[in-house]
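Below is one structure, written out as structure tokens, with a few remarks after it.
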Amino acid sequence: MNYLAHAYLSFDHEEIMIGNMVSDFIKGARQYDYPPFIQHGIRLHRDIDRFTDLHPATAEGKKIFRADYGLYSGAILDVVYDHFLANDAGIFSEQSLQEFALGIYGQLENRTEQLPEKFRFMLPYMRQQNWLFSYRQPEGISRSMQGLVRRAAYLHEHETAFRLFMEHYEALQACYDRFFPDVKEFAKQRMTQLI
């Protein structure tokens with residue numbers, strides 16, 4: 001779950017951000033139960049996911065995890081991308097990431113009535129453990145990978161994924177460097193179309 005990327009790629013639009021953050025918790029036609037801008041955020045999230053899956057740098061990064069994690073290699077790479085975003089000096093300093101994270105939690109907490117039940121249940125843990133900021137550190141990525149394993153039906157351990165992340169750190173950084181400017185531009189254009 002690359003929550004940091006989806007929060008950042010909402011470009012400071014609160015309702016878009018809410019839809020972008022909760023999209024994975026909303027199935028099918030349930031998206032139409034939400035106000036228009038939250039619906040736009042849900043669509044933006046799904047469009048970003050499709051763009052990410054089709055990007056050549058993502059295909060390259062997935063190869064690192066594919067032998068051990070198969071179809072879950074994309075989800076693992078999403079977590080890895082959040083680590084590099086959290087450490088991207090052109091976007092965040094340590095202080096600005098902390099401020100950004102606290103702002104996102106506050107906006108979500110102010111709109112809890114619009115959050116899907118499972119996300120609403122998860123939000124206090126997200127804030128308490130400061131997930132968005134914790135992606136900066138390898139330990140935060142390890143915990144995020146562990147959470148992915150807990151939620152996945154066919155995964156049983158995260159240690160191999162974390163080891164591969166550390167062993168291929170520079171190659172994965174290069175994938176992020178090729179990918180993120182493209183997804184940022186795509187998300188800006190798509191958001192303009194939606195709103």
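Naming scheme: A, B, ... for chains in displayed order of the structure tokens; residues 1 onward per chain; ligands 1 onward as shown.
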- Considering only C-alpha atoms, return as number ranges by chain whatever protein or nucleic-acid residues lie within 12 Å of Ala174 in chain A, sequence-local ones (same chain, fewer than 6 positions apart) excluded. A: 56-58, 60-61, 80-81, 84, 168, 180
- Item | Polymer residues at most 12 Å from Leu85 in chain A, only C-alpha atoms, same-chain spacing of 4 or more positions, as an NGL selection string | :A and (2-9 or 78-81 or 89-94 or 97 or 132-137 or 172-173 or 175-177 or 179-181 or 183-184)
- Write out as a PyMOL selection string the residues lying within 10 Å of Leu194 in chain A, counting only C-alpha atoms and excluding same-chain residues fewer than 4 positions away. chain A and resi 16+36-37+39-41+43-44+189-190
Put those residues in a file: N, CA, C and O atoms, as a compact mmCIF listing (two decimals), in the first residue's frame.
```txt
# COMPACT_ATOMS: atom_id res chain seq x y z
N ILE A 16 -10.00 15.05 -3.07
CA ILE A 16 -9.28 14.15 -3.97
C ILE A 16 -8.41 13.21 -3.14
O ILE A 16 -8.34 12.00 -3.39
N PRO A 36 -18.81 13.98 -5.39
CA PRO A 36 -18.10 13.96 -6.68
C PRO A 36 -16.58 14.03 -6.58
O PRO A 36 -15.88 13.29 -7.27
N PHE A 37 -16.04 14.92 -5.74
CA PHE A 37 -14.59 15.05 -5.70
C PHE A 37 -13.91 13.84 -5.05
O PHE A 37 -12.79 13.48 -5.43
N GLN A 39 -15.14 10.83 -5.43
CA GLN A 39 -15.19 9.90 -6.57
C GLN A 39 -14.02 10.16 -7.52
O GLN A 39 -13.40 9.22 -8.02
N HIS A 40 -13.72 11.44 -7.76
CA HIS A 40 -12.59 11.77 -8.63
C HIS A 40 -11.28 11.23 -8.04
O HIS A 40 -10.42 10.73 -8.78
N GLY A 41 -11.14 11.33 -6.72
CA GLY A 41 -9.95 10.81 -6.06
C GLY A 41 -9.84 9.30 -6.18
O GLY A 41 -8.74 8.76 -6.37
N ARG A 43 -11.08 7.52 -8.66
CA ARG A 43 -10.68 7.26 -10.05
C ARG A 43 -9.21 7.59 -10.28
O ARG A 43 -8.50 6.86 -10.99
N LEU A 44 -8.75 8.70 -9.70
CA LEU A 44 -7.35 9.09 -9.84
C LEU A 44 -6.44 7.99 -9.29
O LEU A 44 -5.44 7.63 -9.92
N GLN A 189 -1.98 15.84 -14.86
CA GLN A 189 -2.83 15.95 -16.05
C GLN A 189 -4.18 15.26 -15.82
O GLN A 189 -5.23 15.79 -16.19
N ARG A 190 -4.14 14.08 -15.24
CA ARG A 190 -5.38 13.32 -15.02
C ARG A 190 -6.29 14.05 -14.02
O ARG A 190 -7.51 14.08 -14.22
```
- Item | Backbone DSSP call of helix (DSSP H, G or I) for chain A, listed as a ChimeraX atom specification | /A:3-8,14-25,28-33,36-54,56-86,94-110,112-114,117-128,131-134,138-151,159-167,169-194
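Proximity to Glu15 in chain A was assessed for A:Gly140, A:Gly147, A:Gln114, A:Glu99 counting only C-alpha atoms; the smallest distance is recorded for A:Gln114.
For Gly106 in chain A, the residues within 12 Å (counting only C-alpha atoms, excluding itself and residues fewer than 3 positions away along the chain) are Glu14, Ile18, Glu99, Phe100, Ala101, Leu102, Gly103, Glu109, Asn110, Arg111, Thr112, Leu123, Pro124, Met126 and Arg127 of chain A.
Here CA of Phe186 in chain A is placed at a distance of 17.6 Å from CA of Ala59 in chain A.
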